[in-house]
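A.B. asks: What follows is input.cif, made up of mmCIF, C-alpha atoms and all ligand atoms:
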data_start
loop_
_atom_site.label_atom_id
_atom_site.label_comp_id
_atom_site.auth_asym_id
_atom_site.auth_seq_id
_atom_site.Cartn_x
_atom_site.Cartn_y
_atom_site.Cartn_z
CA MET A 1467 10.29 -2.77 15.16
CA LEU A 1468 11.18 -3.54 11.55
CA VAL A 1469 9.88 -1.29 8.81
CA PHE A 1470 9.93 -2.52 5.20
CA TYR A 1471 8.63 -1.12 1.96
CA GLY A 1472 7.83 -2.33 -1.54
CA SER A 1473 7.93 0.74 -3.75
CA LYS A 1474 8.77 1.51 -7.38
CA TYR A 1475 8.52 5.30 -7.61
CA GLY A 1476 9.05 6.22 -3.97
CA THR A 1477 5.62 6.92 -2.50
CA ALA A 1478 5.41 3.85 -0.27
CA LYS A 1479 9.09 4.37 0.56
CA ARG A 1480 8.37 7.96 1.63
CA TYR A 1481 5.59 6.83 3.93
CA ALA A 1482 7.78 4.04 5.33
CA GLU A 1483 10.75 6.33 5.90
CA GLU A 1484 8.68 8.93 7.71
CA PHE A 1485 6.98 6.23 9.77
CA ALA A 1486 10.37 4.71 10.68
CA ARG A 1487 11.84 8.12 11.50
CA ARG A 1488 9.03 8.76 13.97
CA ALA A 1489 9.63 5.31 15.48
CA GLY A 1490 13.36 6.02 15.83
CA THR A 1491 14.43 3.43 13.30
CA ALA A 1492 15.16 3.12 9.57
CA ALA A 1493 13.00 1.73 6.79
CA MET A 1494 14.41 -0.95 4.49
CA SER A 1495 13.49 -2.14 1.04
CA VAL A 1496 11.90 -5.56 1.29
CA ARG A 1497 14.16 -6.58 -1.59
CA GLY A 1498 17.39 -5.85 0.24
CA ARG A 1499 19.27 -7.78 2.89
CA ALA A 1500 17.26 -7.63 6.06
CA PRO A 1501 17.53 -8.99 9.58
CA ALA A 1502 15.17 -11.73 10.77
CA ALA A 1503 12.01 -10.44 12.34
CA GLU A 1504 11.96 -13.01 15.15
CA GLY A 1505 9.60 -11.77 17.85
CA GLN A 1506 9.46 -8.24 16.47
CA THR A 1507 6.66 -6.06 15.15
CA VAL A 1508 6.91 -5.76 11.38
CA VAL A 1509 5.33 -2.84 9.54
CA PHE A 1510 5.25 -3.21 5.77
CA PHE A 1511 4.31 -0.44 3.32
CA GLY A 1512 3.49 -1.76 -0.16
CA ALA A 1513 2.40 0.09 -3.30
CA LEU A 1514 -0.44 -1.26 -5.39
CA TYR A 1515 0.22 -2.35 -8.95
CA ALA A 1516 -2.67 -3.82 -10.94
CA GLY A 1517 -4.42 -4.91 -7.77
CA LYS A 1518 -1.36 -6.51 -6.19
CA VAL A 1519 0.74 -5.26 -3.31
CA ARG A 1520 4.33 -4.88 -4.42
CA GLY A 1521 6.76 -6.92 -2.30
CA LEU A 1522 4.08 -8.40 -0.04
CA LYS A 1523 5.11 -12.02 -0.57
CA LYS A 1524 8.71 -11.17 0.35
CA ALA A 1525 7.50 -9.21 3.36
CA ALA A 1526 5.44 -12.19 4.51
CA LYS A 1527 8.52 -14.42 4.31
CA ARG A 1528 10.58 -11.97 6.28
CA ALA A 1529 7.82 -11.67 8.86
CA ALA A 1530 7.37 -15.43 9.23
CA HIS A 1531 8.40 -15.44 12.90
CA CYS A 1532 7.48 -11.93 13.83
CA ALA A 1533 5.29 -11.06 16.80
CA ARG A 1534 2.93 -8.88 14.78
CA LEU A 1535 2.48 -7.86 11.18
CA LEU A 1536 1.00 -4.56 10.02
CA VAL A 1537 0.47 -4.16 6.29
CA VAL A 1538 -0.04 -0.68 4.87
CA THR A 1539 -1.17 -0.45 1.25
CA VAL A 1540 -0.47 2.63 -0.85
CA GLY A 1541 -2.49 3.23 -4.01
CA LEU A 1542 -4.04 5.91 -6.15
CA ALA A 1543 -7.68 5.12 -5.46
CA ASP A 1544 -9.28 6.64 -2.36
CA PRO A 1545 -9.43 4.03 0.42
CA SER A 1546 -12.10 5.97 2.30
CA GLU A 1547 -14.44 4.46 -0.32
CA PRO A 1548 -15.59 1.10 1.10
CA GLN A 1549 -15.17 -0.63 -2.27
CA VAL A 1550 -11.52 0.43 -2.41
CA ALA A 1551 -10.83 -0.63 1.17
CA GLU A 1552 -12.41 -4.01 0.46
CA SER A 1553 -10.40 -4.62 -2.72
CA ARG A 1554 -7.20 -3.62 -0.89
CA ARG A 1555 -8.08 -6.04 1.90
CA SER A 1556 -8.56 -8.84 -0.63
CA ALA A 1557 -5.25 -7.94 -2.30
CA VAL A 1558 -3.44 -8.18 1.04
CA LEU A 1559 -5.04 -11.49 1.97
CA ALA A 1560 -4.27 -12.91 -1.49
CA GLY A 1561 -0.59 -12.12 -0.97
CA LEU A 1562 -0.29 -13.66 2.50
CA PRO A 1563 -0.23 -17.28 3.63
CA GLN A 1564 -3.52 -18.43 5.14
CA ASP A 1565 -2.13 -18.83 8.66
CA VAL A 1566 -1.24 -15.14 8.80
CA HIS A 1567 -4.68 -13.88 7.74
CA LYS A 1568 -6.08 -13.62 11.25
CA GLN A 1569 -3.01 -11.87 12.64
CA VAL A 1570 -2.43 -9.19 10.07
CA GLN A 1571 -3.57 -5.67 10.77
CA MET A 1572 -4.18 -3.50 7.71
CA PHE A 1573 -4.15 0.17 6.86
CA HIS A 1574 -4.76 1.78 3.50
CA LEU A 1575 -3.24 5.04 2.30
CA ARG A 1576 -3.33 7.17 -0.81
CA GLY A 1577 -0.23 7.59 -2.92
CA ALA A 1578 0.95 9.63 -5.87
CA ILE A 1579 1.63 9.33 -9.57
CA ASP A 1580 3.75 11.33 -11.97
CA TYR A 1581 3.41 10.29 -15.60
CA ALA A 1582 6.69 12.04 -16.45
CA ARG A 1583 8.47 9.47 -14.27
CA LEU A 1584 6.65 6.30 -15.34
CA SER A 1585 8.56 3.54 -17.11
CA ALA A 1586 7.65 2.87 -20.74
CA VAL A 1587 5.89 -0.35 -19.71
CA HIS A 1588 3.86 1.35 -17.00
CA ARG A 1589 2.95 4.20 -19.35
CA LEU A 1590 1.70 1.71 -21.91
CA LEU A 1591 -0.24 -0.20 -19.28
CA MET A 1592 -1.93 2.97 -18.08
CA LYS A 1593 -2.79 3.89 -21.66
CA MET A 1594 -4.49 0.52 -22.10
CA VAL A 1595 -6.33 0.87 -18.79
CA ARG A 1596 -7.47 4.35 -19.74
CA SER A 1597 -8.96 3.24 -23.06
CA MET A 1598 -10.66 0.35 -21.26
CA ALA A 1599 -12.01 2.79 -18.64
CA GLU A 1600 -13.29 5.12 -21.33
CA ARG A 1601 -15.21 2.28 -22.93
CA THR A 1602 -16.82 1.42 -19.56
CA PRO A 1603 -20.06 3.31 -18.84
CA PRO A 1604 -19.33 5.91 -16.12
CA GLU A 1605 -21.67 4.33 -13.56
CA GLN A 1606 -19.86 1.00 -13.95
CA ARG A 1607 -16.34 2.38 -13.48
CA SER A 1608 -14.58 1.15 -10.35
CA PRO A 1609 -13.00 3.76 -8.04
CA GLU A 1610 -9.60 2.53 -9.29
CA LEU A 1611 -10.59 3.22 -12.91
CA ARG A 1612 -12.00 6.60 -11.93
CA SER A 1613 -8.78 7.57 -10.17
CA ILE A 1614 -6.79 6.62 -13.26
CA LEU A 1615 -9.03 8.71 -15.52
CA GLU A 1616 -8.82 11.67 -13.14
CA THR A 1617 -5.03 11.66 -13.03
CA TYR A 1618 -4.15 10.32 -16.48
CA GLY A 1619 -1.09 11.99 -17.99
CA LYS A 1620 -0.60 14.27 -14.99
CA SER A 1621 1.26 14.49 -11.74
CA ALA A 1622 -1.00 13.96 -8.73
CA ASP A 1623 0.03 13.59 -5.12
CA TYR A 1624 -2.44 12.48 -2.43
CA THR A 1625 0.25 11.62 0.12
CA ASP A 1626 -0.97 12.37 3.63
CA LEU A 1627 1.72 11.84 6.23
CA SER A 1628 -0.70 12.72 9.03
CA ALA A 1629 -2.37 9.36 8.36
CA LEU A 1630 0.74 7.68 9.83
CA ALA A 1631 -0.23 8.62 13.38
CA ALA A 1632 -2.94 5.96 13.59
CA ILE A 1633 -0.50 3.34 12.29
CA SER A 1634 2.11 4.37 14.88
CA ASP A 1635 -0.53 4.05 17.59
CA ALA A 1636 -1.43 0.57 16.39
CA ALA A 1637 2.20 -0.51 16.08
CA ASN A 1638 2.95 0.70 19.59
CA ALA A 1639 -0.19 -0.72 21.19
CA GLU A 1640 0.51 -3.54 23.64
CA SER A 1641 -2.36 -5.71 22.53
CA ARG A 1642 -3.89 -5.57 19.14
CA PRO A 1643 -7.37 -4.08 18.75
CA PRO A 1644 -9.89 -6.29 16.91
CA GLN A 1645 -8.96 -6.71 13.27
CA ARG A 1646 -10.36 -3.86 11.25
CA ALA A 1647 -8.97 -2.13 8.21
CA GLN A 1648 -8.43 1.59 8.59
CA THR A 1649 -8.36 4.12 5.82
CA ASN A 1650 -6.19 7.21 5.88
CA GLY A 1651 -6.13 6.99 9.65
CA ARG A 1652 -9.83 7.66 9.92
CA GLU A 1653 -12.83 5.35 10.35
C1 LIG B 1701 1.06 0.34 -13.80
C2 LIG B 1701 0.39 0.87 -12.56
C3 LIG B 1701 -0.61 0.15 -11.94
C4 LIG B 1701 -1.27 0.66 -10.79
N1 LIG B 1701 -2.27 -0.08 -10.20
C5 LIG B 1701 -2.94 0.45 -9.14
C6 LIG B 1701 -4.03 -0.27 -8.55
O1 LIG B 1701 -4.36 -1.38 -8.92
N2 LIG B 1701 -4.70 0.33 -7.53
C7 LIG B 1701 -4.34 1.57 -7.05
O2 LIG B 1701 -5.00 2.08 -6.13
N3 LIG B 1701 -3.28 2.25 -7.55
C8 LIG B 1701 -2.59 1.71 -8.59
N4 LIG B 1701 -1.53 2.39 -9.13
C9 LIG B 1701 -1.06 3.64 -8.50
C10 LIG B 1701 0.11 3.38 -7.56
O3 LIG B 1701 -0.24 2.45 -6.57
C11 LIG B 1701 0.52 4.70 -6.90
O4 LIG B 1701 1.03 5.52 -7.90
C12 LIG B 1701 1.51 4.50 -5.77
O5 LIG B 1701 1.64 5.71 -5.05
C13 LIG B 1701 2.85 4.05 -6.28
O6 LIG B 1701 3.69 3.77 -5.20
P1 LIG B 1701 5.29 3.86 -5.33
O7 LIG B 1701 5.59 5.31 -5.72
O8 LIG B 1701 5.78 3.55 -3.96
O9 LIG B 1701 5.74 2.88 -6.35
C14 LIG B 1701 -0.87 1.91 -10.27
C15 LIG B 1701 0.17 2.63 -10.89
C16 LIG B 1701 0.78 2.14 -12.00
C17 LIG B 1701 1.89 2.94 -12.66
#
So that I can check it, write out the structure of this file as structure tokens.

C.D. replies:
Amino acid sequence: MLVFYGSKYGTAKRYAEEFARRAGTAAMSVRGRAPAAEGQTVVFFGALYAGKVRGLKKAAKRAAHCARLLVVTVGLADPSEPQVAESRRSAVLAGLPQDVHKQVQMFHLRGAIDYARLSAVHRLLMKMVRSMAERTPPEQRSPELRSILETYGKSADYTDLSALAAISDAANAESRPPQRAQTNGRE
């Protein structure tokens, strides 16, 4: 099994490392040098940035000849909300070649944010998103916007390592269950 991550501040990396540890292997950055995934199961943990999954395109290239691909998204919004799960699903599909769409198995997890650690660019971006969110009537705010307003300027951590169990089960399963996104291990 190959475990990759696309992470800027470490949340997706933390999930990937814990997942890999439980699987008896090591997680690697998708940006680094990595072995070919010929015939292997690939599990990729990618953080969400402005609706895109960080490192997903690279992960797809690395997984070109893999046996199975599991993509785990990590974002601030709560994926147990159907709207969030659906937008994560679209983000994953948008980042993968068409021929992989039917094979990929997805999971969606919640991450963390700490404004004290954000880069200047990310801080500015979040400031812009916040003022946009504030101008949006509350009933029209997406779950993503709501999660940004709730956590703006703070440190918030929704990491739930217990959600990894369902992903381990799926990665270890002989034959894949029918394609269905799972959120925080429940559903
Ligand atoms: C500039 C910026 C954009 C973000 N965009 C999204 C987003 O579109 N959807 C979401 O759910 N979370 C979003 N987040 C939250 C991150 O996905 C979350 O903090 C995640 O845990 C970061 O993972 P990392 O620590 O591995 O980089 C964003 C965070 C930042 C700083």

A.B. asks: Determine, for each residue of chain A having at least one atom at most 8 Å from an atom of ligand LIG 1701 (chain B), the closest pair of atoms and their separation in Å to one decimal, counting all atoms listed in the file; order by chain and ascending number, as CSV.

C.D. replies:
residue,atom,partner,partner_atom,distance
A:Gly1472,CA,B:LIG1701,O8,6.7
A:Ser1473,CA,B:LIG1701,O8,3.5
A:Lys1474,CA,B:LIG1701,O9,3.5
A:Tyr1475,CA,B:LIG1701,O7,3.5
A:Gly1476,CA,B:LIG1701,O7,4.0
A:Thr1477,CA,B:LIG1701,O7,3.6
A:Ala1478,CA,B:LIG1701,O8,3.7
A:Lys1479,CA,B:LIG1701,O8,5.7
A:Arg1480,CA,B:LIG1701,O8,7.6
A:Gly1512,CA,B:LIG1701,O8,6.9
A:Ala1513,CA,B:LIG1701,O6,4.3
A:Leu1514,CA,B:LIG1701,O3,3.9
A:Tyr1515,CA,B:LIG1701,N1,3.6
A:Ala1516,CA,B:LIG1701,O1,3.6
A:Gly1517,CA,B:LIG1701,O1,3.7
A:Lys1518,CA,B:LIG1701,O1,6.5
A:Val1540,CA,B:LIG1701,O5,5.6
A:Gly1541,CA,B:LIG1701,O2,3.5
A:Leu1542,CA,B:LIG1701,O2,3.9
A:Ala1543,CA,B:LIG1701,O2,4.1
A:Asp1544,CA,B:LIG1701,O2,7.3
A:Val1550,CA,B:LIG1701,O2,7.7
A:Arg1576,CA,B:LIG1701,O5,6.7
A:Gly1577,CA,B:LIG1701,O5,3.4
A:Ala1578,CA,B:LIG1701,O5,4.1
A:Ile1579,CA,B:LIG1701,O4,4.2
A:Asp1580,CA,B:LIG1701,O4,7.6
A:Leu1584,CA,B:LIG1701,C17,6.4
A:Val1587,CA,B:LIG1701,C1,7.7
A:His1588,CA,B:LIG1701,C1,4.4
A:Arg1589,CA,B:LIG1701,C17,6.9
A:Leu1591,CA,B:LIG1701,C1,5.7
A:Met1592,CA,B:LIG1701,C1,5.8
A:Glu1610,CA,B:LIG1701,O2,5.6
A:Ser1613,CA,B:LIG1701,O2,7.8
A:Ile1614,CA,B:LIG1701,N4,7.9
A:Thr1625,CA,B:LIG1701,O5,8.0

A.B. asks: Next, the residues of the selection above should be written as a PDB file, in the frame of the given file with C-alpha atoms.

C.D. replies:
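result.pdb, freshly written:
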ATOM      1  CA  GLY A1472       7.830  -2.330  -1.540  1.00  0.00           C
ATOM      2  CA  SER A1473       7.930   0.740  -3.750  1.00  0.00           C
ATOM      3  CA  LYS A1474       8.770   1.510  -7.380  1.00  0.00           C
ATOM      4  CA  TYR A1475       8.520   5.300  -7.610  1.00  0.00           C
ATOM      5  CA  GLY A1476       9.050   6.220  -3.970  1.00  0.00           C
ATOM      6  CA  THR A1477       5.620   6.920  -2.500  1.00  0.00           C
ATOM      7  CA  ALA A1478       5.410   3.850  -0.270  1.00  0.00           C
ATOM      8  CA  LYS A1479       9.090   4.370   0.560  1.00  0.00           C
ATOM      9  CA  ARG A1480       8.370   7.960   1.630  1.00  0.00           C
ATOM     10  CA  GLY A1512       3.490  -1.760  -0.160  1.00  0.00           C
ATOM     11  CA  ALA A1513       2.400   0.090  -3.300  1.00  0.00           C
ATOM     12  CA  LEU A1514      -0.440  -1.260  -5.390  1.00  0.00           C
ATOM     13  CA  TYR A1515       0.220  -2.350  -8.950  1.00  0.00           C
ATOM     14  CA  ALA A1516      -2.670  -3.820 -10.940  1.00  0.00           C
ATOM     15  CA  GLY A1517      -4.420  -4.910  -7.770  1.00  0.00           C
ATOM     16  CA  LYS A1518      -1.360  -6.510  -6.190  1.00  0.00           C
ATOM     17  CA  VAL A1540      -0.470   2.630  -0.850  1.00  0.00           C
ATOM     18  CA  GLY A1541      -2.490   3.230  -4.010  1.00  0.00           C
ATOM     19  CA  LEU A1542      -4.040   5.910  -6.150  1.00  0.00           C
ATOM     20  CA  ALA A1543      -7.680   5.120  -5.460  1.00  0.00           C
ATOM     21  CA  ASP A1544      -9.280   6.640  -2.360  1.00  0.00           C
ATOM     22  CA  VAL A1550     -11.520   0.430  -2.410  1.00  0.00           C
ATOM     23  CA  ARG A1576      -3.330   7.170  -0.810  1.00  0.00           C
ATOM     24  CA  GLY A1577      -0.230   7.590  -2.920  1.00  0.00           C
ATOM     25  CA  ALA A1578       0.950   9.630  -5.870  1.00  0.00           C
ATOM     26  CA  ILE A1579       1.630   9.330  -9.570  1.00  0.00           C
ATOM     27  CA  ASP A1580       3.750  11.330 -11.970  1.00  0.00           C
ATOM     28  CA  LEU A1584       6.650   6.300 -15.340  1.00  0.00           C
ATOM     29  CA  VAL A1587       5.890  -0.350 -19.710  1.00  0.00           C
ATOM     30  CA  HIS A1588       3.860   1.350 -17.000  1.00  0.00           C
ATOM     31  CA  ARG A1589       2.950   4.200 -19.350  1.00  0.00           C
ATOM     32  CA  LEU A1591      -0.240  -0.200 -19.280  1.00  0.00           C
ATOM     33  CA  MET A1592      -1.930   2.970 -18.080  1.00  0.00           C
ATOM     34  CA  GLU A1610      -9.600   2.530  -9.290  1.00  0.00           C
ATOM     35  CA  SER A1613      -8.780   7.570 -10.170  1.00  0.00           C
ATOM     36  CA  ILE A1614      -6.790   6.620 -13.260  1.00  0.00           C
ATOM     37  CA  THR A1625       0.250  11.620   0.120  1.00  0.00           C
TER      38      THR A1625
END

A.B. asks: With 4 Å on each side, where is the centre of the axis-aligned box around all listed atoms of stretch 1594-1607 of chain A, and how long are its edges in Å to one decimal, as AutoDock Vina command-line options?

C.D. replies:
--center_x -13.1 --center_y 3.1 --center_z -18.3 --size_x 25.2 --size_y 13.6 --size_z 17.6

A.B. asks: Determine, counting only C-alpha atoms, every residue of protein, DNA or RNA that lies within 7 Å of (8.0, -7.4, 0.8) in the file coordinates, then give the result as a list in words.

C.D. replies: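 The residues near that point, listed by chain and number, are Phe1470, Tyr1471, Gly1472, Val1496, Arg1497, Arg1520, Gly1521, Leu1522, Lys1523, Lys1524, Ala1525 and Ala1526 of chain A.
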
A.B. asks: Quick one: residues within 6 Å of A:Ala1503, all atoms listed in the file, excluding same-chain residues fewer than 2 positions away - as a ChimeraX atom specification?

C.D. replies: /A:1506,1529,1532

A.B. asks: Determine the nearest neighbour of A:Glu1483 from the options A:Phe1511, A:Gly1561, A:Gly1498, A:Lys1568, counting all atoms listed in the file.

C.D. replies: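 Smallest distance to A:Glu1483 is found for A:Phe1511.
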
A.B. asks: I'd like the interatomic distance between atom CA of A:Tyr1481 and atom CA of A:Ala1629, to a tenth of an Å.

C.D. replies: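 So the answer is 9.5 Å.
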
A.B. asks: When distances are computed from all atoms listed in the file, which of A:Val1537, A:Ala1631, A:Ala1557, A:Ala1582 shows the smallest separation from A:Val1508?

C.D. replies: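 Ranked by minimum distance to A:Val1508, first place goes to A:Val1537.
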
A.B. asks: For a cutoff of 6 Å around the file-coordinate point (0.5, 13.6, -12.3), which residues qualify once you count all atoms listed in the file? I'd like the result as a list in words.

C.D. replies: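 Here is the list of nearby residues: Ile1579, Asp1580, Tyr1581, Thr1617, Lys1620, Ser1621 and Ala1622 of chain A.
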
A.B. asks: Near A:Arg1555, within 12 Å and counting only C-alpha atoms, which residues show up once chain neighbours fewer than 4 positions away are dropped, as an NGL selection string?

C.D. replies: :A and (1514 or 1517-1519 or 1537-1540 or 1545 or 1548-1551 or 1559-1562 or 1567 or 1570-1574 or 1645-1649)

A.B. asks: If I take atom CA of A:Leu1575 and atom CA of A:Ala1636, how far is one from the other in Å, to one decimal?

C.D. replies: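 Separating atom CA of A:Leu1575 from atom CA of A:Ala1636 is a distance of 14.9 Å.
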
A.B. asks: My list of candidates is A:Ala1502, A:Asp1565, A:Arg1612, A:Arg1583. Which is closest to A:Val1595 when distances are computed with only C-alpha atoms?

C.D. replies: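 Nearest to A:Val1595: A:Arg1612.
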